[in-house]
$ cat my_file_39.pdb   # PDB, C-alpha atoms
MODEL        1
ATOM      1  CA  MET A   1      -3.802  11.061  15.088
ATOM      2  CA  LYS A   2      -5.108   8.316  17.302
ATOM      3  CA  LEU A   3      -8.299   6.548  16.195
ATOM      4  CA  THR A   4     -11.103   6.936  18.735
ATOM      5  CA  ASP A   5     -14.114   5.366  17.011
ATOM      6  CA  VAL A   6     -13.123   1.675  17.263
ATOM      7  CA  PRO A   7     -14.743  -1.360  18.895
ATOM      8  CA  ALA A   8     -13.912  -1.968  22.570
ATOM      9  CA  GLY A   9     -10.880  -4.205  23.069
ATOM     10  CA  THR A  10      -9.415  -3.478  19.619
ATOM     11  CA  LEU A  11      -5.631  -3.673  19.584
ATOM     12  CA  GLU A  12      -3.870  -0.414  18.790
ATOM     13  CA  GLN A  13      -1.867  -0.620  15.571
ATOM     14  CA  PRO A  14       1.545   1.075  15.399
ATOM     15  CA  GLY A  15       2.059   3.942  12.970
ATOM     16  CA  TYR A  16       3.849   3.403   9.676
ATOM     17  CA  ASP A  17       5.306   5.222   6.662
ATOM     18  CA  VAL A  18       5.124   3.774   3.164
ATOM     19  CA  HIS A  19       6.987   5.336   0.248
ATOM     20  CA  ASP A  20       6.141   5.014  -3.448
ATOM     21  CA  ILE A  21       7.944   6.227  -6.554
ATOM     22  CA  GLY A  22       6.760   6.414 -10.150
ATOM     23  CA  VAL A  23       7.622   7.846 -13.547
ATOM     24  CA  SER A  24       5.713   8.252 -16.780
ATOM     25  CA  TRP A  25       6.843   9.016 -20.296
ATOM     26  CA  MET A  26       4.903  10.103 -23.371
ATOM     27  CA  PRO A  27       6.894   8.984 -26.447
ATOM     28  CA  ARG A  28       4.057  10.266 -28.627
ATOM     29  CA  GLU A  29       1.104  12.533 -28.067
ATOM     30  CA  THR A  30      -1.270   9.538 -27.973
ATOM     31  CA  ALA A  31       0.917   7.038 -26.063
ATOM     32  CA  LYS A  32       1.974   6.893 -22.420
ATOM     33  CA  VAL A  33       4.256   4.446 -20.571
ATOM     34  CA  GLY A  34       4.559   4.296 -16.799
ATOM     35  CA  LEU A  35       6.611   2.470 -14.184
ATOM     36  CA  ALA A  36       6.012   2.573 -10.433
ATOM     37  CA  VAL A  37       7.334   0.897  -7.307
ATOM     38  CA  HIS A  38       4.970   0.926  -4.312
ATOM     39  CA  ASN A  39       6.297   0.346  -0.788
ATOM     40  CA  ILE A  40       9.888   0.704  -2.004
ATOM     41  CA  PHE A  41      11.403  -0.242   1.384
ATOM     42  CA  ASP A  42       9.216  -3.400   1.638
ATOM     43  CA  LYS A  43       7.682  -2.260   4.948
ATOM     44  CA  LYS A  44       5.570  -4.845   6.804
ATOM     45  CA  TYR A  45       2.496  -3.086   8.201
ATOM     46  CA  VAL A  46      -1.166  -3.448   9.060
ATOM     47  CA  ALA A  47      -3.395  -0.647   7.768
ATOM     48  CA  GLN A  48      -5.718   0.771  10.434
ATOM     49  CA  GLY A  49      -8.799   0.121   8.294
ATOM     50  CA  THR A  50      -8.130  -3.570   7.586
ATOM     51  CA  VAL A  51      -8.857  -5.279  10.890
ATOM     52  CA  TYR A  52      -9.518  -8.995  10.368
ATOM     53  CA  ALA A  53     -10.974 -11.378  12.950
ATOM     54  CA  ILE A  54     -11.417 -15.157  13.107
ATOM     55  CA  ASN A  55     -13.860 -16.430  15.766
ATOM     56  CA  GLY A  56     -13.722 -13.037  17.495
ATOM     57  CA  THR A  57      -9.909 -12.983  17.707
ATOM     58  CA  GLU A  58      -8.104 -10.256  15.792
ATOM     59  CA  VAL A  59      -5.543 -11.522  13.309
ATOM     60  CA  PRO A  60      -3.078  -9.092  11.699
ATOM     61  CA  LEU A  61      -3.797  -8.816   7.981
ATOM     62  CA  TYR A  62      -0.592  -7.398   6.550
ATOM     63  CA  GLU A  63      -0.620  -5.184   3.477
ATOM     64  CA  MET A  64       1.250  -6.161   0.328
ATOM     65  CA  GLY A  65       5.015  -5.824   0.335
ATOM     66  CA  ARG A  66       6.987  -4.154  -2.422
ATOM     67  CA  ASP A  67       4.962  -3.919  -5.627
ATOM     68  CA  PHE A  68       6.214  -3.183  -9.157
ATOM     69  CA  ARG A  69       3.731  -1.810 -11.701
ATOM     70  CA  PHE A  70       4.092  -1.199 -15.399
ATOM     71  CA  SER A  71       1.447   0.532 -17.482
ATOM     72  CA  ALA A  72       1.012   1.496 -21.088
ATOM     73  CA  SER A  73      -1.806   3.271 -22.859
ATOM     74  CA  TYR A  74      -2.425   4.293 -26.426
TER
ENDMDL
END
$ encode --input "my_file_39.pdb" --output "structure tokens"
Amino acid sequence: MKLTDVPAGTLEQPGYDVHDIGVSWMPRETAKVGLAVHNIFDKKYVAQGTVYAINGTEVPLYEMGRDFRFSASY
């Protein structure tokens, strides 16, 4: 859907798809291990809600690229 409630003169950002994948494993009832990869195709994109301006000029603020995450809890 196209955003309609934006400041006048705001540049329209192209659409994008970002894909994530994750797994978790519980080796014991009280322990959990997880591994995730966010943005698995390393897509370069600007999120619609992260407009950034310097001296009134919009500057693209790109989101993070591929991101690996490991978690463990006990």
$ residues_around --input "my_file_39.pdb" --residues "Thr30 of chain A" --least-positions-apart "5" --cutoff "12 Å" --atoms "all atoms listed in the file" --output "list in words"
Trp25, Ala72, Ser73 and Tyr74 of chain A
$ atom_distance --input "my_file_39.pdb" --atom1 "atom CA of Gly65 of chain A" --atom2 "atom CA of Val33 of chain A"
23.3 Å
$ closest_residue --input "my_file_39.pdb" --among "A:Ala8, A:Glu63, A:Ile21, A:Ser71" --to "Lys44 of chain A" --atoms "all atoms listed in the file"
A:Glu63
$ closest_residue --input "my_file_39.pdb" --among "A:Thr57, A:Val46, A:Phe68, A:Phe41" --to "Val23 of chain A" --atoms "only C-alpha atoms"
A:Phe68
$ atom_distance --input "my_file_39.pdb" --atom1 "atom CA of Thr4 of chain A" --atom2 "atom CA of Pro60 of chain A"
19.3 Å
$ atom_distance --input "my_file_39.pdb" --atom1 "atom CA of Asp42 of chain A" --atom2 "atom CA of Arg66 of chain A"
4.7 Å
$ resolve_selection --input "my_file_39.pdb" --expression "the PyMOL selection byres ((chain A and resi 17) around 12)" --output "ChimeraX atom specification"
/A:14-16,18-20,38-47
$ write_last_selection --input "my_file_39.pdb" --atoms "C-alpha atoms" --output "short mmCIF file (atom, residue, chain, number, x, y, z; two decimals), in the coordinates of the input"
data_model
loop_
_atom_site.label_atom_id
_atom_site.label_comp_id
_atom_site.auth_asym_id
_atom_site.auth_seq_id
_atom_site.Cartn_x
_atom_site.Cartn_y
_atom_site.Cartn_z
CA PRO A 14 1.54 1.08 15.40
CA GLY A 15 2.06 3.94 12.97
CA TYR A 16 3.85 3.40 9.68
CA VAL A 18 5.12 3.77 3.16
CA HIS A 19 6.99 5.34 0.25
CA ASP A 20 6.14 5.01 -3.45
CA HIS A 38 4.97 0.93 -4.31
CA ASN A 39 6.30 0.35 -0.79
CA ILE A 40 9.89 0.70 -2.00
CA PHE A 41 11.40 -0.24 1.38
CA ASP A 42 9.22 -3.40 1.64
CA LYS A 43 7.68 -2.26 4.95
CA LYS A 44 5.57 -4.84 6.80
CA TYR A 45 2.50 -3.09 8.20
CA VAL A 46 -1.17 -3.45 9.06
CA ALA A 47 -3.40 -0.65 7.77
#
$ axis_aligned_box --input "my_file_39.pdb" --around "segment 43-47 of chain A" --padding-each-side "3 Å" --output "JSON"
{"center_x": 2.1, "center_y": -2.7, "center_z": 7.0, "size_x": 17.1, "size_y": 10.2, "size_z": 10.1}
$ build_atoms --input "my_file_39.pdb" --residues "segment 37-48 of chain A" --atoms "all heavy atoms" --output "short mmCIF file (atom, residue, chain, number, x, y, z; two decimals), in the coordinates of the input"
data_model
loop_
_atom_site.label_atom_id
_atom_site.label_comp_id
_atom_site.auth_asym_id
_atom_site.auth_seq_id
_atom_site.Cartn_x
_atom_site.Cartn_y
_atom_site.Cartn_z
N VAL A 37 7.00 1.84 -8.37
CA VAL A 37 7.33 0.90 -7.31
C VAL A 37 6.61 1.40 -6.06
O VAL A 37 6.84 2.52 -5.61
CB VAL A 37 8.86 0.82 -7.05
CG1 VAL A 37 9.15 -0.19 -5.95
CG2 VAL A 37 9.61 0.47 -8.32
N HIS A 38 5.73 0.58 -5.52
CA HIS A 38 4.97 0.93 -4.31
C HIS A 38 5.61 0.21 -3.14
O HIS A 38 6.02 -0.94 -3.25
CB HIS A 38 3.51 0.51 -4.46
CG HIS A 38 2.78 1.29 -5.50
ND1 HIS A 38 1.51 1.72 -5.33
CD2 HIS A 38 3.14 1.76 -6.72
CE1 HIS A 38 1.11 2.39 -6.39
NE2 HIS A 38 2.10 2.42 -7.25
N ASN A 39 5.68 0.88 -2.00
CA ASN A 39 6.30 0.35 -0.79
C ASN A 39 7.75 -0.01 -1.08
O ASN A 39 8.18 -1.14 -0.88
CB ASN A 39 5.50 -0.86 -0.27
CG ASN A 39 5.88 -1.25 1.14
OD1 ASN A 39 6.73 -0.64 1.77
ND2 ASN A 39 5.25 -2.30 1.65
N ILE A 40 8.53 0.97 -1.52
CA ILE A 40 9.89 0.70 -2.00
C ILE A 40 10.82 0.10 -0.95
O ILE A 40 11.77 -0.58 -1.29
CB ILE A 40 10.54 1.97 -2.62
CG1 ILE A 40 10.63 3.09 -1.61
CG2 ILE A 40 9.80 2.42 -3.85
CD1 ILE A 40 11.35 4.33 -2.13
N PHE A 41 10.55 0.33 0.33
CA PHE A 41 11.40 -0.24 1.38
C PHE A 41 10.84 -1.55 1.93
O PHE A 41 11.34 -2.08 2.93
CB PHE A 41 11.61 0.77 2.50
CG PHE A 41 12.29 2.03 2.02
CD1 PHE A 41 11.64 3.24 2.07
CD2 PHE A 41 13.57 1.99 1.49
CE1 PHE A 41 12.25 4.40 1.62
CE2 PHE A 41 14.21 3.14 1.04
CZ PHE A 41 13.54 4.35 1.10
N ASP A 42 9.82 -2.12 1.27
CA ASP A 42 9.22 -3.40 1.64
C ASP A 42 8.80 -3.44 3.11
O ASP A 42 9.08 -4.39 3.83
CB ASP A 42 10.17 -4.55 1.31
CG ASP A 42 9.45 -5.86 1.13
OD1 ASP A 42 8.22 -5.85 0.92
OD2 ASP A 42 10.10 -6.92 1.20
N LYS A 43 8.12 -2.39 3.56
CA LYS A 43 7.68 -2.26 4.95
C LYS A 43 6.54 -3.24 5.25
O LYS A 43 5.59 -3.35 4.49
CB LYS A 43 7.21 -0.82 5.17
CG LYS A 43 6.69 -0.51 6.53
CD LYS A 43 7.81 -0.18 7.46
CE LYS A 43 7.25 0.30 8.78
NZ LYS A 43 8.28 0.75 9.66
N LYS A 44 6.65 -3.95 6.36
CA LYS A 44 5.57 -4.84 6.80
C LYS A 44 4.68 -4.05 7.75
O LYS A 44 5.15 -3.55 8.78
CB LYS A 44 6.18 -6.05 7.53
CG LYS A 44 5.17 -7.07 7.96
CD LYS A 44 5.88 -8.25 8.61
CE LYS A 44 4.90 -9.29 9.07
NZ LYS A 44 5.58 -10.45 9.68
N TYR A 45 3.39 -3.90 7.38
CA TYR A 45 2.50 -3.09 8.20
C TYR A 45 1.06 -3.56 8.08
O TYR A 45 0.70 -4.26 7.14
CB TYR A 45 2.60 -1.60 7.82
CG TYR A 45 2.05 -1.27 6.46
CD1 TYR A 45 0.76 -0.77 6.32
CD2 TYR A 45 2.80 -1.47 5.31
CE1 TYR A 45 0.25 -0.46 5.06
CE2 TYR A 45 2.30 -1.17 4.06
CZ TYR A 45 1.03 -0.67 3.94
OH TYR A 45 0.52 -0.37 2.70
N VAL A 46 0.27 -3.17 9.05
CA VAL A 46 -1.17 -3.45 9.06
C VAL A 46 -1.87 -2.10 8.96
O VAL A 46 -1.68 -1.24 9.82
CB VAL A 46 -1.60 -4.17 10.35
CG1 VAL A 46 -3.11 -4.38 10.37
CG2 VAL A 46 -0.87 -5.49 10.50
N ALA A 47 -2.66 -1.90 7.92
CA ALA A 47 -3.40 -0.65 7.77
C ALA A 47 -4.49 -0.57 8.83
O ALA A 47 -5.10 -1.59 9.18
CB ALA A 47 -4.00 -0.54 6.37
N GLN A 48 -4.73 0.60 9.37
CA GLN A 48 -5.72 0.77 10.43
C GLN A 48 -7.11 0.31 10.02
O GLN A 48 -7.87 -0.17 10.84
CB GLN A 48 -5.78 2.24 10.86
CG GLN A 48 -4.53 2.74 11.53
CD GLN A 48 -4.36 2.24 12.96
OE1 GLN A 48 -5.24 1.59 13.51
NE2 GLN A 48 -3.23 2.53 13.54
#
